[in-house]
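Have a look at the structure below before the remarks.
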Amino acid sequence: MIKKHSTLIVLVALTLFILEGLFQTIIGAYLTGWQFYFGAALVLLYWILYFLKINRLRTLLGIGLTLGFLNIIEFTYYHLTFAFSWTPLGQAYTSIGFQPIVFIILAFFLVTNSSRVGELIRSISARNERELEESENNLIVKYRTSLQNENMEKLKSIVAHPNEYQKEYVCAARELIKMKRPVSH
């Protein structure tokens, strides 16, 4: 049940943090910056996408939570950030902060959507494997064309010394040897 409604739970939690931040701003206890207002607008957009039943809402919500965790946008008015600061190469003061409250929400979201996250990672890696295989096949075709006019001794030399050539070059030579061999009956 929690898994089924994880998106709704996350949206409600973010909305409560945004409303509390807006309340604190109205009573003057806190001054908000553009990052907080951007976070509020993003939560509003997420609600619109939720009610329109947009399929990519979980992906967009994961991206938004990650940006919030990295303190690029703010979903809370709290300044509970863990910051690492330095002055690289004598430049101006630079810091990178993390919002632990948003991290907890992000962790909940990732745990409840772990199958979706795994599916997303597998689709990215599968696409890369397909592209890699296609690239290798294109190289083999290219090398086979360039080796077409070589004699059998040259091709056998390439296959005999595979460490001296690219893998695709050796595969192309091997294929040409198979093609040039006389067929025995």
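Ligands are numbered from 1 in the order shown, chains are lettered A, B, ... in the order of the structure tokens, and residues start at 1 in each chain.
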
- Can you list, as a ChimeraX atom specification, every protein, DNA or RNA residue that comes within 9 Å of A:Cys171 when you count only C-alpha atoms, leaving out same-chain residues fewer than 4 positions away? /A:140,143-144,159,166-167,175-176

- Task: Identify, with DSSP run on backbone atoms, the residues in chain A assigned to helix (DSSP H, G or I), and express the list as a ChimeraX atom specification.
- Result: /A:6-26,34-51,57-69,88-90,100-112,114-147,152-160,162-164,167-180

Mind dumping the selected residues with C-alpha atoms as a CSV table (one decimal), in the first residue's frame?
```csv
chain,number,residue,atom,x,y,z
A,6,SER,CA,4.7,6.6,-2.4
A,7,THR,CA,4.4,9.4,-4.9
A,8,LEU,CA,1.4,10.8,-3.1
A,9,ILE,CA,3.2,10.5,0.3
A,10,VAL,CA,6.2,12.4,-1.0
A,11,LEU,CA,4.1,15.1,-2.5
A,12,VAL,CA,2.1,15.6,0.7
A,13,ALA,CA,5.4,15.7,2.7
A,14,LEU,CA,6.9,18.3,0.3
A,15,THR,CA,3.7,20.3,0.4
A,16,LEU,CA,3.7,20.4,4.2
A,17,PHE,CA,7.3,21.7,4.2
A,18,ILE,CA,6.5,24.3,1.6
A,19,LEU,CA,3.4,25.5,3.5
A,20,GLU,CA,5.4,25.7,6.7
A,21,GLY,CA,8.1,27.7,4.9
A,22,LEU,CA,5.5,30.1,3.4
A,23,PHE,CA,3.9,30.6,6.8
A,24,GLN,CA,7.2,31.4,8.4
A,25,THR,CA,7.9,33.9,5.6
A,26,ILE,CA,4.5,35.5,6.0
A,34,TRP,CA,14.6,32.2,-5.1
A,35,GLN,CA,15.5,28.5,-4.4
A,36,PHE,CA,12.6,28.1,-2.0
A,37,TYR,CA,10.1,29.8,-4.4
A,38,PHE,CA,11.4,27.6,-7.2
A,39,GLY,CA,10.9,24.5,-5.0
A,40,ALA,CA,7.3,25.7,-4.2
A,41,ALA,CA,6.6,26.1,-7.9
A,42,LEU,CA,8.0,22.7,-8.6
A,43,VAL,CA,5.8,21.1,-6.0
A,44,LEU,CA,2.8,22.8,-7.5
A,45,LEU,CA,3.9,21.5,-11.0
A,46,TYR,CA,4.2,18.0,-9.5
A,47,TRP,CA,0.7,18.2,-8.1
A,48,ILE,CA,-0.6,19.2,-11.6
A,49,LEU,CA,1.3,16.3,-13.2
A,50,TYR,CA,-0.1,14.0,-10.5
A,51,PHE,CA,-3.7,14.9,-11.2
A,57,LEU,CA,6.1,12.0,-12.8
A,58,ARG,CA,8.2,9.6,-10.7
A,59,THR,CA,11.3,10.3,-12.8
A,60,LEU,CA,10.7,14.1,-12.5
A,61,LEU,CA,10.1,13.8,-8.8
A,62,GLY,CA,13.3,11.8,-8.4
A,63,ILE,CA,15.2,14.5,-10.2
A,64,GLY,CA,13.6,17.3,-8.2
A,65,LEU,CA,14.4,15.5,-4.9
A,66,THR,CA,18.0,15.0,-5.9
A,67,LEU,CA,18.3,18.7,-6.7
A,68,GLY,CA,16.7,19.5,-3.4
A,69,PHE,CA,19.1,17.1,-1.5
A,88,PRO,CA,39.6,26.5,-4.5
A,89,LEU,CA,42.7,28.1,-6.0
A,90,GLY,CA,42.3,31.3,-4.0
A,100,PRO,CA,19.1,15.9,5.3
A,101,ILE,CA,15.3,16.2,5.5
A,102,VAL,CA,15.1,16.1,1.7
A,103,PHE,CA,17.6,13.2,1.8
A,104,ILE,CA,15.2,11.2,4.0
A,105,ILE,CA,12.3,11.9,1.6
A,106,LEU,CA,14.6,10.9,-1.3
A,107,ALA,CA,15.7,7.7,0.4
A,108,PHE,CA,12.0,6.8,1.1
A,109,PHE,CA,11.1,7.5,-2.5
A,110,LEU,CA,14.0,5.4,-3.8
A,111,VAL,CA,13.3,2.5,-1.5
A,112,THR,CA,9.6,2.4,-2.4
A,114,SER,CA,13.5,0.5,-6.2
A,115,SER,CA,12.1,-1.7,-9.0
A,116,ARG,CA,11.5,1.4,-11.1
A,117,VAL,CA,15.0,2.7,-10.4
A,118,GLY,CA,16.5,-0.7,-11.2
A,119,GLU,CA,14.5,-0.8,-14.4
A,120,LEU,CA,15.7,2.6,-15.4
A,121,ILE,CA,19.4,1.7,-14.8
A,122,ARG,CA,19.0,-1.5,-16.7
A,123,SER,CA,17.4,0.3,-19.7
A,124,ILE,CA,20.3,2.8,-19.7
A,125,SER,CA,22.9,0.1,-19.6
A,126,ALA,CA,21.1,-2.1,-22.1
A,127,ARG,CA,20.9,0.8,-24.5
A,128,ASN,CA,24.7,1.4,-24.1
A,129,GLU,CA,25.4,-2.3,-24.7
A,130,ARG,CA,23.3,-2.2,-27.9
A,131,GLU,CA,25.1,0.9,-29.1
A,132,LEU,CA,28.5,-0.7,-28.3
A,133,GLU,CA,27.6,-3.9,-30.1
A,134,GLU,CA,26.4,-1.9,-33.1
A,135,SER,CA,29.5,0.2,-33.1
A,136,GLU,CA,31.7,-3.0,-33.0
A,137,ASN,CA,29.7,-4.5,-35.9
A,138,ASN,CA,30.2,-1.3,-38.0
A,139,LEU,CA,33.9,-1.4,-37.4
A,140,ILE,CA,34.1,-5.1,-38.4
A,141,VAL,CA,32.3,-4.2,-41.7
A,142,LYS,CA,34.7,-1.3,-42.3
A,143,TYR,CA,37.8,-3.4,-41.6
A,144,ARG,CA,36.5,-6.3,-43.7
A,145,THR,CA,36.1,-3.9,-46.6
A,146,SER,CA,39.6,-2.6,-46.2
A,147,LEU,CA,41.1,-6.1,-45.9
A,152,MET,CA,45.6,-15.2,-47.2
A,153,GLU,CA,49.0,-15.1,-45.5
A,154,LYS,CA,48.4,-11.5,-44.4
A,155,LEU,CA,45.0,-12.4,-43.0
A,156,LYS,CA,46.4,-15.5,-41.2
A,157,SER,CA,49.2,-13.3,-39.7
A,158,ILE,CA,46.6,-10.9,-38.3
A,159,VAL,CA,44.6,-13.7,-36.7
A,160,ALA,CA,47.9,-15.3,-35.4
A,162,PRO,CA,45.6,-10.7,-32.1
A,163,ASN,CA,47.4,-8.6,-29.5
A,164,GLU,CA,48.9,-6.4,-32.2
A,167,LYS,CA,39.6,-6.9,-31.7
A,168,GLU,CA,37.3,-5.8,-34.6
A,169,TYR,CA,40.2,-5.9,-37.0
A,170,VAL,CA,41.0,-9.5,-36.0
A,171,CYS,CA,37.3,-10.5,-36.3
A,172,ALA,CA,37.2,-9.0,-39.8
A,173,ALA,CA,40.3,-11.0,-40.8
A,174,ARG,CA,38.9,-14.2,-39.3
A,175,GLU,CA,35.6,-13.7,-41.3
A,176,LEU,CA,37.5,-13.1,-44.5
A,177,ILE,CA,39.5,-16.3,-44.0
A,178,LYS,CA,36.3,-18.2,-43.6
A,179,MET,CA,34.9,-16.6,-46.7
A,180,LYS,CA,38.0,-17.2,-48.9
```

- Task: Would you return as an NGL selection string the members of stretch 19-183 of chain A that DSSP assigns to strand (DSSP E or B) on this structure's backbone?
- Result: :A and (82-86 or 94-98)

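Pairwise distance (atom CA of A:Ile73, atom CA of A:Ala29) equals 20.0 Å.
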
- Figure out the distance between atom CA of A:Leu31 and atom CA of A:Ile72, please, to one decimal in Å. 17.1 Å
